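Here's the structure we're looking at; comments come further down.
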Amino acid sequence: MALIHALAHSVDPINQALQRDWPEAVRMNLLDDSLSADLARSGTGLDAAMHQRFEALAAYAEGTGAQAILFTCSAFGACIEAVANKRPYMPVLKPNEAMVAEARALAGAQGRIGLIASFAPTLASMPSEFPADIDLRTALADGALDALNAGDGAQHDAMVVNAARQLKGQGCTAIALAQFSMARARQAVLDSVGLPVLTTPDSAVRLLRRLLGA
């Protein structure tokens, strides 16, 4: 499988999840850490140029013999959908679709899901991927990604925990961490709020195993 990353911080969480839960899977990592920076400063959103970049990354991954592609940055949903539409013969996953499905099952008829992101564009694109009947509340862990970029993982995790506490106060019954880079905070969130905590890499590995018949 090919793992395509737009943030360097996304590389370790998915590789750790695979090593823990599916160590025999053969994987390659592609990183273009200019994608998120360009999206944040361009002001043009997911335009034709960004779509072209994603198609080029996917074509390269497919050309290496990958049987599946997992994108690990959650702010590029429309670009990933376009890549997947061109490849109905292979799994092409958005980073969050497996977690969304698990959140749906957790929400049931009464539950309320709290979605936390540390990258603001994620909260512009990702909520629409949840089913309309889910009661979804969102929170931005503002400054957490900057802290992680500066090497302060503890501060990052504390900011994510603070956002989770706010969402618990709004009646959320489960917490979803929107980005692969946030998976490191899962245990801290669980310890703080005592609610089920979903992470994108763990959910994605479970789905890939099913899709590839492992």
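Chain labels follow the order of the structure tokens: the first chain is A, the next B, and so on; residue numbering restarts at 1 in every chain, and ligands are counted from 1 in their shown order.
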For this session: For region 157-170 of chain A, please output as an MDAnalysis selection string all residues within 9 Å (counting only C-alpha atoms; exclusion window: fewer than 4 positions along the same chain).
Result: chainID A and resid 112:118 137:144 148 152:153 174:175 177 182 184:186 188:190 192:193 195
Where does DSSP see strand (DSSP E or B) in region 10-213 of chain A, if you list the residues as a short mmCIF file (atom, residue, chain, number, x, y, z; two decimals) with N, CA and C atoms, in the first residue's frame?
data_model
loop_
_atom_site.label_atom_id
_atom_site.label_comp_id
_atom_site.auth_asym_id
_atom_site.auth_seq_id
_atom_site.Cartn_x
_atom_site.Cartn_y
_atom_site.Cartn_z
N MET A 28 4.73 1.83 1.48
CA MET A 28 5.66 2.88 1.08
C MET A 28 5.08 4.20 1.55
N ASN A 29 5.94 5.19 1.81
CA ASN A 29 5.52 6.50 2.30
C ASN A 29 5.94 7.57 1.31
N LEU A 30 4.95 8.40 0.91
CA LEU A 30 5.23 9.57 0.08
C LEU A 30 4.86 10.82 0.87
N LEU A 31 5.78 11.75 1.00
CA LEU A 31 5.53 12.97 1.76
C LEU A 31 5.73 14.19 0.86
N ILE A 69 -4.20 2.86 -1.76
CA ILE A 69 -3.64 4.16 -1.41
C ILE A 69 -4.42 4.72 -0.24
N LEU A 70 -3.68 5.16 0.77
CA LEU A 70 -4.28 5.85 1.91
C LEU A 70 -3.67 7.24 2.01
N PHE A 71 -4.51 8.26 1.88
CA PHE A 71 -4.06 9.63 2.12
C PHE A 71 -4.23 9.93 3.61
N VAL A 92 -8.88 3.44 -2.55
CA VAL A 92 -8.25 4.75 -2.36
C VAL A 92 -9.02 5.42 -1.24
N LEU A 93 -8.38 5.57 -0.10
CA LEU A 93 -9.09 6.01 1.10
C LEU A 93 -8.72 7.42 1.50
N ARG A 112 -23.69 11.88 20.65
CA ARG A 112 -23.18 13.11 20.05
C ARG A 112 -21.66 12.97 19.93
N ILE A 113 -21.14 13.19 18.74
CA ILE A 113 -19.71 13.03 18.47
C ILE A 113 -19.01 14.39 18.52
N GLY A 114 -17.89 14.43 19.21
CA GLY A 114 -17.06 15.61 19.23
C GLY A 114 -15.85 15.44 18.33
N LEU A 115 -15.69 16.32 17.36
CA LEU A 115 -14.59 16.24 16.39
C LEU A 115 -13.58 17.34 16.67
N ILE A 116 -12.33 16.96 16.88
CA ILE A 116 -11.26 17.92 17.18
C ILE A 116 -10.25 17.92 16.04
N ALA A 117 -9.86 19.11 15.61
CA ALA A 117 -8.79 19.26 14.62
C ALA A 117 -7.79 20.29 15.13
N ASP A 135 -25.20 13.83 15.30
CA ASP A 135 -25.11 15.07 16.05
C ASP A 135 -23.63 15.35 16.28
N LEU A 136 -23.07 16.25 15.49
CA LEU A 136 -21.63 16.50 15.48
C LEU A 136 -21.32 17.88 16.05
N ARG A 137 -20.38 17.93 16.95
CA ARG A 137 -19.85 19.19 17.46
C ARG A 137 -18.36 19.24 17.15
N THR A 138 -17.85 20.41 16.84
CA THR A 138 -16.44 20.53 16.45
C THR A 138 -15.70 21.49 17.35
N ALA A 139 -14.38 21.29 17.41
CA ALA A 139 -13.53 22.19 18.18
C ALA A 139 -12.16 22.23 17.51
N LEU A 140 -11.59 23.42 17.45
CA LEU A 140 -10.24 23.61 16.94
C LEU A 140 -9.28 23.71 18.11
N ALA A 174 -18.57 10.70 22.61
CA ALA A 174 -17.36 10.12 22.05
C ALA A 174 -16.56 11.24 21.38
N ILE A 175 -15.26 11.05 21.32
CA ILE A 175 -14.35 12.05 20.74
C ILE A 175 -13.64 11.44 19.53
N ALA A 176 -13.59 12.19 18.44
CA ALA A 176 -12.87 11.78 17.24
C ALA A 176 -11.75 12.78 16.99
N LEU A 177 -10.54 12.29 16.86
CA LEU A 177 -9.38 13.13 16.57
C LEU A 177 -9.17 13.13 15.06
N VAL A 197 -12.44 7.26 22.40
CA VAL A 197 -11.65 8.16 21.56
C VAL A 197 -11.25 7.42 20.29
N LEU A 198 -11.67 7.94 19.15
CA LEU A 198 -11.32 7.37 17.86
C LEU A 198 -10.17 8.14 17.25
N THR A 199 -9.26 7.43 16.59
CA THR A 199 -8.18 8.08 15.86
C THR A 199 -8.20 7.60 14.41
#
For this session: Return the single residue from A:Arg104, A:Arg87, A:His9, A:Arg206 that is closest to Ala150 (chain A), with distances computed using only C-alpha atoms.
Result: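 Result for the nearest residue to Ala150 (chain A): A:His9.
Picture a line from CA of Ser34 (chain A) to CA of Val205 (chain A); it runs 25.2 Å.
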Exercise. From the set A:Gly194, A:Gly108, A:Gly45, A:Pro127, which residue has the shortest atom-to-atom contact distance to Phe76 (chain A), counting only C-alpha atoms?
Worked result: A:Gly45
Problem set entry | Length of the CA of Gln19 (chain A) to CA of Ala68 (chain A) vector [Å] |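 Separating CA of Gln19 (chain A) from CA of Ala68 (chain A) is a distance of 17.0 Å.
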For this session: Using DSSP on the backbone, list every residue of region 19-210 of chain A that comes out as helix (DSSP H, G or I), and give them as a PyMOL selection string.
Result: chain A and resi 19-21+34-42+48-63+77-85+97-107+120-125+127-129+144-149+153-169+180-193+200-210
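Nearest residue to Ala105 (chain A), choosing from A:Val11, A:Met1, A:Ala204, A:Ile134 and counting only C-alpha atoms: A:Ile134.
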For this session: Pick out the closest residue to Thr200 (chain A) from this set: A:Leu46, A:Ala103, A:Leu145, A:Ala154. Count only C-alpha atoms.
Result: A:Ala103
Problem set entry | For Ala59 (chain A): contacts at 10 Å, only C-alpha atoms, fewer than 5 positions along chain excluded, given as a list in words |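 Residues meeting the cut-off are Arg53, Phe54, Thr64, Ala66, Val83 and Arg87 of chain A.
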Problem set entry | Between CA of Asn15 (chain A) and CA of Met90 (chain A), distance in Å (one decimal) | 20.6 Å
For this session: Would you kindly return, as a count of residues only, each protein, DNA or RNA residue with an atom no farther than 10 Å from any atom of Ser74 (chain A), considering only C-alpha atoms and excluding same-chain residues fewer than 2 positions away?
Result: 23
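Closest approach to Pro91 (chain A) among A:Ala124, A:Ile14, A:Ala58, A:Leu35: A:Ala58, based on only C-alpha atoms.
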